[in-house]
$ cat work.pdb   # PDB, C-alpha atoms
ATOM      1  CA  THR A 159    -142.908 -18.962  64.060  1.00  0.00           C
ATOM      2  CA  LYS A 160    -142.389 -16.736  67.049  1.00  0.00           C
ATOM      3  CA  SER A 161    -139.836 -13.980  67.136  1.00  0.00           C
ATOM      4  CA  GLU A 162    -137.423 -13.676  70.033  1.00  0.00           C
ATOM      5  CA  THR A 163    -138.980 -10.345  70.941  1.00  0.00           C
ATOM      6  CA  PRO A 164    -141.281 -10.967  73.908  1.00  0.00           C
ATOM      7  CA  THR A 165    -144.064  -8.707  72.616  1.00  0.00           C
ATOM      8  CA  VAL A 166    -144.244  -9.662  68.958  1.00  0.00           C
ATOM      9  CA  GLU A 167    -145.612 -12.752  67.293  1.00  0.00           C
ATOM     10  CA  ALA A 168    -145.398 -13.242  63.537  1.00  0.00           C
ATOM     11  CA  SER A 169    -146.767 -15.889  61.216  1.00  0.00           C
ATOM     12  CA  ILE A 170    -145.903 -16.487  57.605  1.00  0.00           C
ATOM     13  CA  LEU A 171    -148.494 -18.342  55.575  1.00  0.00           C
ATOM     14  CA  LYS A 172    -146.559 -20.022  52.793  1.00  0.00           C
ATOM     15  CA  SER A 173    -149.550 -20.654  50.549  1.00  0.00           C
ATOM     16  CA  SER A 174    -150.382 -16.983  50.139  1.00  0.00           C
ATOM     17  CA  MET A 175    -147.008 -15.530  51.208  1.00  0.00           C
ATOM     18  CA  THR A 176    -148.790 -13.236  53.634  1.00  0.00           C
ATOM     19  CA  LEU A 177    -147.019 -11.881  56.661  1.00  0.00           C
ATOM     20  CA  LYS A 178    -149.170 -11.449  59.728  1.00  0.00           C
ATOM     21  CA  LEU A 179    -147.773  -9.439  62.624  1.00  0.00           C
ATOM     22  CA  SER A 180    -149.605  -8.975  65.858  1.00  0.00           C
ATOM     23  CA  LEU A 181    -148.680  -7.712  69.275  1.00  0.00           C
ATOM     24  CA  SER A 182    -149.199 -10.267  71.986  1.00  0.00           C
ATOM     25  CA  SER A 183    -149.533  -9.790  75.706  1.00  0.00           C
ATOM     26  CA  THR A 184    -146.488  -9.973  77.887  1.00  0.00           C
ATOM     27  CA  THR A 185    -145.838 -10.337  81.573  1.00  0.00           C
ATOM     28  CA  GLU A 186    -143.385  -7.470  81.286  1.00  0.00           C
ATOM     29  CA  GLU A 187    -145.643  -4.641  82.317  1.00  0.00           C
ATOM     30  CA  PHE A 188    -145.009  -1.507  84.280  1.00  0.00           C
ATOM     31  CA  THR A 189    -147.713   0.312  86.162  1.00  0.00           C
ATOM     32  CA  GLU A 190    -148.593   3.734  84.836  1.00  0.00           C
ATOM     33  CA  GLU A 191    -146.849   5.299  87.841  1.00  0.00           C
ATOM     34  CA  GLU A 192    -143.686   3.196  87.316  1.00  0.00           C
ATOM     35  CA  LEU A 193    -143.571   4.096  83.629  1.00  0.00           C
ATOM     36  CA  LYS A 194    -144.090   7.779  84.334  1.00  0.00           C
ATOM     37  CA  SER A 195    -141.282   7.744  86.909  1.00  0.00           C
ATOM     38  CA  LEU A 196    -138.934   5.863  84.549  1.00  0.00           C
ATOM     39  CA  CYS A 197    -139.613   8.270  81.699  1.00  0.00           C
ATOM     40  CA  SER A 198    -139.121  11.278  83.941  1.00  0.00           C
ATOM     41  CA  SER A 199    -135.759   9.907  85.076  1.00  0.00           C
ATOM     42  CA  ALA A 200    -134.656   8.843  81.586  1.00  0.00           C
ATOM     43  CA  GLY A 201    -135.436  12.106  79.840  1.00  0.00           C
ATOM     44  CA  THR A 202    -136.578  12.674  76.292  1.00  0.00           C
ATOM     45  CA  THR A 203    -133.437  12.441  74.172  1.00  0.00           C
ATOM     46  CA  VAL A 204    -131.584   9.401  72.874  1.00  0.00           C
ATOM     47  CA  GLU A 205    -128.521  10.593  74.781  1.00  0.00           C
ATOM     48  CA  SER A 206    -130.373  10.958  78.091  1.00  0.00           C
ATOM     49  CA  ILE A 207    -132.050   7.558  77.674  1.00  0.00           C
ATOM     50  CA  ASP A 208    -128.664   5.997  76.880  1.00  0.00           C
ATOM     51  CA  ALA A 209    -127.102   7.585  79.984  1.00  0.00           C
ATOM     52  CA  PHE A 210    -130.035   6.511  82.174  1.00  0.00           C
ATOM     53  CA  ILE A 211    -129.790   2.882  81.053  1.00  0.00           C
ATOM     54  CA  LYS A 212    -126.000   2.815  81.440  1.00  0.00           C
ATOM     55  CA  GLY A 213    -126.438   4.123  84.989  1.00  0.00           C
ATOM     56  CA  LYS A 214    -129.001   1.453  85.865  1.00  0.00           C
ATOM     57  CA  LEU A 215    -127.642  -1.697  84.177  1.00  0.00           C
ATOM     58  CA  SER A 216    -124.452  -3.652  83.930  1.00  0.00           C
ATOM     59  CA  TYR A 217    -123.695  -6.300  81.341  1.00  0.00           C
ATOM     60  CA  ASP A 218    -124.252  -9.824  82.686  1.00  0.00           C
ATOM     61  CA  LYS A 219    -121.215 -11.675  81.309  1.00  0.00           C
ATOM     62  CA  GLU A 220    -122.147 -14.907  83.085  1.00  0.00           C
ATOM     63  CA  ALA A 221    -125.619 -14.987  81.527  1.00  0.00           C
ATOM     64  CA  ALA A 222    -124.158 -14.156  78.111  1.00  0.00           C
ATOM     65  CA  ALA A 223    -121.665 -17.010  78.441  1.00  0.00           C
ATOM     66  CA  ASN A 224    -124.546 -19.379  79.266  1.00  0.00           C
ATOM     67  CA  SER A 225    -126.979 -17.881  76.758  1.00  0.00           C
ATOM     68  CA  LYS A 226    -128.534 -21.245  75.882  1.00  0.00           C
ATOM     69  CA  ALA A 227    -129.995 -21.307  79.408  1.00  0.00           C
ATOM     70  CA  LEU A 228    -131.798 -17.980  78.857  1.00  0.00           C
ATOM     71  CA  THR A 229    -135.490 -17.919  77.993  1.00  0.00           C
ATOM     72  CA  LEU A 230    -137.627 -15.009  76.834  1.00  0.00           C
ATOM     73  CA  ALA A 231    -138.752 -14.577  80.443  1.00  0.00           C
ATOM     74  CA  SER A 232    -135.183 -14.409  81.828  1.00  0.00           C
ATOM     75  CA  SER A 233    -134.662 -11.192  83.764  1.00  0.00           C
ATOM     76  CA  GLN A 234    -131.567 -10.343  81.714  1.00  0.00           C
ATOM     77  CA  LEU A 235    -133.701 -10.121  78.557  1.00  0.00           C
ATOM     78  CA  THR A 236    -136.660  -8.053  79.725  1.00  0.00           C
ATOM     79  CA  ALA A 237    -136.837  -4.352  80.505  1.00  0.00           C
ATOM     80  CA  ASN A 238    -138.555  -4.900  83.836  1.00  0.00           C
ATOM     81  CA  GLY A 239    -136.299  -7.793  84.840  1.00  0.00           C
ATOM     82  CA  ALA A 240    -133.136  -5.956  83.880  1.00  0.00           C
ATOM     83  CA  LEU A 241    -134.175  -2.906  85.917  1.00  0.00           C
ATOM     84  CA  SER A 242    -135.083  -5.095  88.888  1.00  0.00           C
ATOM     85  CA  THR A 243    -131.763  -6.951  88.933  1.00  0.00           C
ATOM     86  CA  GLY A 244    -129.519  -4.271  87.418  1.00  0.00           C
ATOM     87  CA  LYS A 245    -128.102  -6.848  84.992  1.00  0.00           C
ATOM     88  CA  ALA A 246    -128.831  -7.427  81.323  1.00  0.00           C
ATOM     89  CA  VAL A 247    -127.557  -8.905  78.110  1.00  0.00           C
ATOM     90  CA  CYS A 248    -127.960  -7.065  74.820  1.00  0.00           C
ATOM     91  CA  GLN A 249    -131.648  -7.914  74.439  1.00  0.00           C
ATOM     92  CA  GLY A 250    -132.454  -6.532  77.908  1.00  0.00           C
ATOM     93  CA  TYR A 251    -130.659  -3.284  77.074  1.00  0.00           C
ATOM     94  CA  ALA A 252    -132.505  -3.110  73.737  1.00  0.00           C
ATOM     95  CA  ASN A 253    -135.918  -3.840  75.275  1.00  0.00           C
ATOM     96  CA  LEU A 254    -135.486  -1.121  77.890  1.00  0.00           C
ATOM     97  CA  PHE A 255    -134.231   1.361  75.285  1.00  0.00           C
ATOM     98  CA  THR A 256    -137.219   0.655  73.022  1.00  0.00           C
ATOM     99  CA  LEU A 257    -139.674   1.179  75.869  1.00  0.00           C
ATOM    100  CA  LEU A 258    -138.146   4.496  76.911  1.00  0.00           C
ATOM    101  CA  ALA A 259    -137.512   5.761  73.369  1.00  0.00           C
ATOM    102  CA  GLU A 260    -141.106   5.133  72.328  1.00  0.00           C
ATOM    103  CA  GLN A 261    -142.391   6.872  75.456  1.00  0.00           C
ATOM    104  CA  ALA A 262    -140.185   9.839  74.501  1.00  0.00           C
ATOM    105  CA  GLY A 263    -141.789   9.932  71.050  1.00  0.00           C
ATOM    106  CA  PHE A 264    -139.162   8.154  68.931  1.00  0.00           C
ATOM    107  CA  GLN A 265    -139.887   5.381  66.493  1.00  0.00           C
ATOM    108  CA  SER A 266    -137.481   2.643  67.547  1.00  0.00           C
ATOM    109  CA  VAL A 267    -136.969  -0.981  66.571  1.00  0.00           C
ATOM    110  CA  LYS A 268    -134.738  -3.712  67.902  1.00  0.00           C
ATOM    111  CA  VAL A 269    -132.475  -5.149  65.237  1.00  0.00           C
ATOM    112  CA  ARG A 270    -130.976  -8.585  65.675  1.00  0.00           C
ATOM    113  CA  GLY A 271    -127.857  -9.697  63.935  1.00  0.00           C
ATOM    114  CA  TYR A 272    -124.279 -10.785  64.356  1.00  0.00           C
ATOM    115  CA  VAL A 273    -121.011  -9.046  65.195  1.00  0.00           C
ATOM    116  CA  ASP A 274    -118.162 -11.208  63.971  1.00  0.00           C
ATOM    117  CA  GLY A 275    -120.442 -14.250  64.224  1.00  0.00           C
ATOM    118  CA  VAL A 276    -121.717 -13.464  67.743  1.00  0.00           C
ATOM    119  CA  TYR A 277    -125.466 -12.846  68.181  1.00  0.00           C
ATOM    120  CA  HIS A 278    -126.314  -9.249  69.141  1.00  0.00           C
ATOM    121  CA  VAL A 279    -129.432  -7.088  69.555  1.00  0.00           C
ATOM    122  CA  MET A 280    -129.321  -3.306  69.252  1.00  0.00           C
ATOM    123  CA  ASN A 281    -131.713  -0.462  68.464  1.00  0.00           C
ATOM    124  CA  VAL A 282    -132.341   1.786  65.515  1.00  0.00           C
ATOM    125  CA  VAL A 283    -134.299   5.029  65.751  1.00  0.00           C
ATOM    126  CA  LEU A 284    -135.836   6.978  62.920  1.00  0.00           C
ATOM    127  CA  ALA A 285    -134.382  10.502  62.862  1.00  0.00           C
ATOM    128  CA  SER A 286    -136.525  13.500  61.967  1.00  0.00           C
ATOM    129  CA  ASP A 287    -134.842  13.674  58.541  1.00  0.00           C
ATOM    130  CA  GLY A 288    -135.871  10.072  57.775  1.00  0.00           C
ATOM    131  CA  THR A 289    -132.462   8.473  58.302  1.00  0.00           C
ATOM    132  CA  TYR A 290    -131.934   5.379  60.410  1.00  0.00           C
ATOM    133  CA  MET A 291    -129.648   5.972  63.371  1.00  0.00           C
ATOM    134  CA  ALA A 292    -127.989   3.281  65.487  1.00  0.00           C
ATOM    135  CA  ALA A 293    -128.494   3.301  69.238  1.00  0.00           C
ATOM    136  CA  ASP A 294    -126.455   0.531  70.846  1.00  0.00           C
ATOM    137  CA  VAL A 295    -126.604   0.986  74.602  1.00  0.00           C
ATOM    138  CA  THR A 296    -124.944  -2.384  75.233  1.00  0.00           C
ATOM    139  CA  PHE A 297    -121.794  -1.382  73.352  1.00  0.00           C
ATOM    140  CA  ASN A 298    -121.973   2.133  74.823  1.00  0.00           C
ATOM    141  CA  ASP A 299    -121.981   0.614  78.303  1.00  0.00           C
ATOM    142  CA  SER A 300    -118.981  -1.622  77.632  1.00  0.00           C
ATOM    143  CA  SER A 301    -116.703   0.643  75.595  1.00  0.00           C
ATOM    144  CA  ASN A 302    -115.406   4.180  75.527  1.00  0.00           C
ATOM    145  CA  ASN A 303    -116.955   4.782  72.114  1.00  0.00           C
ATOM    146  CA  SER A 304    -120.412   6.163  71.479  1.00  0.00           C
ATOM    147  CA  TRP A 305    -122.561   3.932  69.307  1.00  0.00           C
ATOM    148  CA  SER A 306    -125.659   6.098  69.474  1.00  0.00           C
ATOM    149  CA  LEU A 307    -126.973   8.455  66.858  1.00  0.00           C
ATOM    150  CA  ILE A 308    -124.615   7.391  64.126  1.00  0.00           C
ATOM    151  CA  ASN A 309    -125.914   6.379  60.739  1.00  0.00           C
ATOM    152  CA  PHE A 310    -126.983   2.719  60.838  1.00  0.00           C
ATOM    153  CA  SER A 311    -124.951   1.824  57.741  1.00  0.00           C
ATOM    154  CA  THR A 312    -121.854   3.424  59.257  1.00  0.00           C
ATOM    155  CA  TYR A 313    -122.483   1.529  62.509  1.00  0.00           C
ATOM    156  CA  CYS A 314    -122.706  -1.763  60.595  1.00  0.00           C
ATOM    157  CA  GLU A 315    -119.429  -1.058  58.800  1.00  0.00           C
ATOM    158  CA  LYS A 316    -117.544   0.106  61.919  1.00  0.00           C
ATOM    159  CA  ILE A 317    -118.350  -2.885  64.129  1.00  0.00           C
ATOM    160  CA  ASN A 318    -118.987  -5.505  61.432  1.00  0.00           C
ATOM    161  CA  PHE A 319    -122.671  -5.846  62.377  1.00  0.00           C
ATOM    162  CA  VAL A 320    -124.684  -8.001  59.987  1.00  0.00           C
ATOM    163  CA  PRO A 321    -128.424  -7.534  60.621  1.00  0.00           C
ATOM    164  CA  ALA A 322    -130.706 -10.549  60.330  1.00  0.00           C
ATOM    165  CA  ILE A 323    -133.419  -8.361  58.771  1.00  0.00           C
ATOM    166  CA  ASP A 324    -132.997  -5.092  56.947  1.00  0.00           C
ATOM    167  CA  VAL A 325    -133.916  -2.040  58.973  1.00  0.00           C
ATOM    168  CA  GLU A 326    -136.504  -0.756  56.475  1.00  0.00           C
ATOM    169  CA  THR A 327    -138.430  -4.011  56.827  1.00  0.00           C
ATOM    170  CA  ALA A 328    -138.198  -3.875  60.628  1.00  0.00           C
ATOM    171  CA  PHE A 329    -139.732  -0.376  60.674  1.00  0.00           C
ATOM    172  CA  ALA A 330    -142.391  -1.326  58.114  1.00  0.00           C
ATOM    173  CA  LEU A 331    -143.415  -4.383  60.144  1.00  0.00           C
ATOM    174  CA  LYS A 332    -143.690  -2.434  63.364  1.00  0.00           C
ATOM    175  CA  TYR A 333    -145.112   0.908  62.238  1.00  0.00           C
ATOM    176  CA  ALA A 334    -147.053   0.219  59.024  1.00  0.00           C
ATOM    177  CA  ASP A 335    -150.748   0.937  59.261  1.00  0.00           C
TER     178      ASP A 335
END
$ encode --input "work.pdb" --output "structure tokens"
Amino acid sequence: TKSETPTVEASILKSSMTLKLSLSSTTEEFTEEELKSLCSSAGTTVESIDAFIKGKLSYDKEAAANSKALTLASSQLTANGALSTGKAVCQGYANLFTLLAEQAGFQSVKVRGYVDGVYHVMNVVLASDGTYMAADVTFNDSSNNSWSLINFSTYCEKINFVPAIDVETAFALKYAD
């Protein structure tokens, strides 16, 4: 099966119960100059990246309402597309955050799940003390609350987020040797 993340493809072989994860190519590429400029503008902290993204994007309510029409290549879902149009849904926010966070040196994963039964994608970063911290730029952009750098478990409890995969597994799949 393919994940909904544009850059990851996973296969599960039922006979041996082996999980194979490989990065696949994507059309969502930035030139080295574009990436350097983005990173310079976004800064190197979770807070500065959050503020940068909130300043560049607005939530596309129309696209979210018609989410069945979205494809993985839809501009609202990709980092490059969201920056180009200035509009994103949660996955576009999460993709852009992941790109910038990793360039700043953070380990970051996108976590899919549900908030009160509604599909949502957000980010989790690994703090220097080994704890998992929520970074939800989508909710930060649409509320007066800060949903970044709070313990992931606390985040889940506060907004009723039910992840589709546990965060430890998400980090292990992405960063395991």
$ closest_residue --input "work.pdb" --among "A:Ala237, A:Ala292, A:Ala227, A:Ile207" --to "Val267 (chain A)" --atoms "only C-alpha atoms"
A:Ala292
$ resolve_selection --input "work.pdb" --expression "the PyMOL selection byres ((chain A and resi 248-251) around 6)" --output "ChimeraX atom specification"
/A:234-237,246-247,252-254,279,296
$ closest_residue --input "work.pdb" --among "A:Leu284, A:Ala259, A:Ala223, A:Met291" --to "Asp208 (chain A)" --atoms "all atoms listed in the file"
A:Ala259
$ closest_residue --input "work.pdb" --among "A:Val282, A:Ala334, A:Ala240, A:Leu215" --to "Ser300 (chain A)" --atoms "all atoms listed in the file"
A:Leu215
$ closest_residue --input "work.pdb" --among "A:Val273, A:Met280, A:Ala200, A:Ala328" --to "Lys212 (chain A)" --atoms "all atoms listed in the file"
A:Ala200
$ closest_residue --input "work.pdb" --among "A:Val320, A:Val204, A:Cys197, A:Leu241" --to "Tyr217 (chain A)" --atoms "all atoms listed in the file"
A:Leu241
$ atom_distance --input "work.pdb" --atom1 "CA of Val325 (chain A)" --atom2 "CA of Ser286 (chain A)"
16.0 Å
$ atom_distance --input "work.pdb" --atom1 "CA of Glu190 (chain A)" --atom2 "CA of Asn281 (chain A)"
23.9 Å
$ residues_around --input "work.pdb" --residues "Ile308 (chain A)" --least-positions-apart "3" --cutoff "12 Å" --atoms "all atoms listed in the file" --output "ChimeraX atom specification"
/A:204-205,281-285,289-294,303-305,311-316
$ resolve_selection --input "work.pdb" --expression "the PyMOL selection byres ((chain A and resi 199) around 12)" --output "ChimeraX atom specification"
/A:192-198,200-203,206-211,213-214,258,262
$ write_last_selection --input "work.pdb" --atoms "C-alpha atoms" --output "mmCIF file, keeping the file's coordinate frame"
data_model
loop_
_atom_site.group_PDB
_atom_site.id
_atom_site.type_symbol
_atom_site.label_atom_id
_atom_site.label_comp_id
_atom_site.auth_asym_id
_atom_site.auth_seq_id
_atom_site.Cartn_x
_atom_site.Cartn_y
_atom_site.Cartn_z
ATOM 1 C CA GLU A 192 -143.686 3.196 87.316
ATOM 2 C CA LEU A 193 -143.571 4.096 83.629
ATOM 3 C CA LYS A 194 -144.090 7.779 84.334
ATOM 4 C CA SER A 195 -141.282 7.744 86.909
ATOM 5 C CA LEU A 196 -138.934 5.863 84.549
ATOM 6 C CA CYS A 197 -139.613 8.270 81.699
ATOM 7 C CA SER A 198 -139.121 11.278 83.941
ATOM 8 C CA ALA A 200 -134.656 8.843 81.586
ATOM 9 C CA GLY A 201 -135.436 12.106 79.840
ATOM 10 C CA THR A 202 -136.578 12.674 76.292
ATOM 11 C CA THR A 203 -133.437 12.441 74.172
ATOM 12 C CA SER A 206 -130.373 10.958 78.091
ATOM 13 C CA ILE A 207 -132.050 7.558 77.674
ATOM 14 C CA ASP A 208 -128.664 5.997 76.880
ATOM 15 C CA ALA A 209 -127.102 7.585 79.984
ATOM 16 C CA PHE A 210 -130.035 6.511 82.174
ATOM 17 C CA ILE A 211 -129.790 2.882 81.053
ATOM 18 C CA GLY A 213 -126.438 4.123 84.989
ATOM 19 C CA LYS A 214 -129.001 1.453 85.865
ATOM 20 C CA LEU A 258 -138.146 4.496 76.911
ATOM 21 C CA ALA A 262 -140.185 9.839 74.501
#
$ atom_distance --input "work.pdb" --atom1 "CA of Tyr272 (chain A)" --atom2 "CA of Phe319 (chain A)"
5.6 Å
$ closest_residue --input "work.pdb" --among "A:Ala330, A:Leu307, A:Val295, A:Ile317" --to "Phe255 (chain A)" --atoms "all atoms listed in the file"
A:Val295
$ axis_aligned_box --input "work.pdb" --around "region 223-230 of chain A" --padding-each-side "8 Å" --output "JSON"
{"center_x": -129.6, "center_y": -18.2, "center_z": 77.6, "size_x": 32.0, "size_y": 22.3, "size_z": 19.5}
$ decode --input "work.pdb" --residues "region 210-276 of chain A" --atoms "C-alpha atoms" --output "PDB file, in the first residue's frame"
ATOM      1  CA  PHE A 210       7.114  31.737   9.210  1.00  0.00           C
ATOM      2  CA  ILE A 211       4.535  29.212   8.003  1.00  0.00           C
ATOM      3  CA  LYS A 212       1.647  31.092   9.632  1.00  0.00           C
ATOM      4  CA  GLY A 213       2.821  34.243   7.848  1.00  0.00           C
ATOM      5  CA  LYS A 214       2.969  32.509   4.466  1.00  0.00           C
ATOM      6  CA  LEU A 215      -0.125  30.264   4.463  1.00  0.00           C
ATOM      7  CA  SER A 216      -3.808  30.480   5.129  1.00  0.00           C
ATOM      8  CA  TYR A 217      -6.114  27.538   5.691  1.00  0.00           C
ATOM      9  CA  ASP A 218      -8.038  26.599   2.536  1.00  0.00           C
ATOM     10  CA  LYS A 219     -11.531  25.941   3.917  1.00  0.00           C
ATOM     11  CA  GLU A 220     -12.982  25.311   0.457  1.00  0.00           C
ATOM     12  CA  ALA A 221     -10.425  22.606  -0.334  1.00  0.00           C
ATOM     13  CA  ALA A 222     -10.950  21.038   3.095  1.00  0.00           C
ATOM     14  CA  ALA A 223     -14.710  20.956   2.523  1.00  0.00           C
ATOM     15  CA  ASN A 224     -14.124  19.194  -0.816  1.00  0.00           C
ATOM     16  CA  SER A 225     -11.294  16.982   0.432  1.00  0.00           C
ATOM     17  CA  LYS A 226     -12.352  14.006  -1.696  1.00  0.00           C
ATOM     18  CA  ALA A 227     -11.318  16.033  -4.760  1.00  0.00           C
ATOM     19  CA  LEU A 228      -7.761  16.474  -3.427  1.00  0.00           C
ATOM     20  CA  THR A 229      -4.948  14.271  -4.701  1.00  0.00           C
ATOM     21  CA  LEU A 230      -1.413  13.902  -3.378  1.00  0.00           C
ATOM     22  CA  ALA A 231      -0.305  16.379  -6.046  1.00  0.00           C
ATOM     23  CA  SER A 232      -2.876  19.038  -5.043  1.00  0.00           C
ATOM     24  CA  SER A 233      -1.148  22.306  -4.211  1.00  0.00           C
ATOM     25  CA  GLN A 234      -2.894  22.484  -0.831  1.00  0.00           C
ATOM     26  CA  LEU A 235      -1.129  19.281   0.265  1.00  0.00           C
ATOM     27  CA  THR A 236       2.451  19.918  -0.819  1.00  0.00           C
ATOM     28  CA  ALA A 237       5.030  22.248   0.686  1.00  0.00           C
ATOM     29  CA  ASN A 238       5.935  23.780  -2.658  1.00  0.00           C
ATOM     30  CA  GLY A 239       2.324  24.090  -3.810  1.00  0.00           C
ATOM     31  CA  ALA A 240       1.174  25.609  -0.542  1.00  0.00           C
ATOM     32  CA  LEU A 241       3.961  28.208  -0.660  1.00  0.00           C
ATOM     33  CA  SER A 242       3.175  29.008  -4.291  1.00  0.00           C
ATOM     34  CA  THR A 243      -0.542  29.551  -3.693  1.00  0.00           C
ATOM     35  CA  GLY A 244      -0.441  30.668  -0.053  1.00  0.00           C
ATOM     36  CA  LYS A 245      -3.195  28.166   0.777  1.00  0.00           C
ATOM     37  CA  ALA A 246      -3.011  24.781   2.463  1.00  0.00           C
ATOM     38  CA  VAL A 247      -4.926  22.157   4.355  1.00  0.00           C
ATOM     39  CA  CYS A 248      -3.387  20.385   7.332  1.00  0.00           C
ATOM     40  CA  GLN A 249      -1.184  18.106   5.230  1.00  0.00           C
ATOM     41  CA  GLY A 250       0.316  21.077   3.354  1.00  0.00           C
ATOM     42  CA  TYR A 251       1.126  22.798   6.647  1.00  0.00           C
ATOM     43  CA  ALA A 252       2.643  19.557   7.978  1.00  0.00           C
ATOM     44  CA  ASN A 253       4.709  18.914   4.838  1.00  0.00           C
ATOM     45  CA  LEU A 254       6.171  22.418   4.902  1.00  0.00           C
ATOM     46  CA  PHE A 255       6.888  22.187   8.636  1.00  0.00           C
ATOM     47  CA  THR A 256       8.673  18.846   8.193  1.00  0.00           C
ATOM     48  CA  LEU A 257      10.844  20.220   5.399  1.00  0.00           C
ATOM     49  CA  LEU A 258      11.889  23.288   7.378  1.00  0.00           C
ATOM     50  CA  ALA A 259      12.271  21.484  10.717  1.00  0.00           C
ATOM     51  CA  GLU A 260      14.555  18.851   9.217  1.00  0.00           C
ATOM     52  CA  GLN A 261      16.651  21.533   7.522  1.00  0.00           C
ATOM     53  CA  ALA A 262      16.968  23.201  10.942  1.00  0.00           C
ATOM     54  CA  GLY A 263      18.251  19.937  12.424  1.00  0.00           C
ATOM     55  CA  PHE A 264      15.117  18.577  14.121  1.00  0.00           C
ATOM     56  CA  GLN A 265      13.839  15.055  13.763  1.00  0.00           C
ATOM     57  CA  SER A 266      10.217  15.543  12.744  1.00  0.00           C
ATOM     58  CA  VAL A 267       7.439  13.246  11.579  1.00  0.00           C
ATOM     59  CA  LYS A 268       3.951  13.872  10.295  1.00  0.00           C
ATOM     60  CA  VAL A 269       1.319  12.108  12.356  1.00  0.00           C
ATOM     61  CA  ARG A 270      -2.081  11.399  10.880  1.00  0.00           C
ATOM     62  CA  GLY A 271      -5.145  10.862  12.959  1.00  0.00           C
ATOM     63  CA  TYR A 272      -8.549  12.177  13.879  1.00  0.00           C
ATOM     64  CA  VAL A 273      -9.851  15.060  15.975  1.00  0.00           C
ATOM     65  CA  ASP A 274     -13.412  14.287  16.986  1.00  0.00           C
ATOM     66  CA  GLY A 275     -13.718  12.017  13.941  1.00  0.00           C
ATOM     67  CA  VAL A 276     -12.262  14.534  11.457  1.00  0.00           C
TER      68      VAL A 276
END
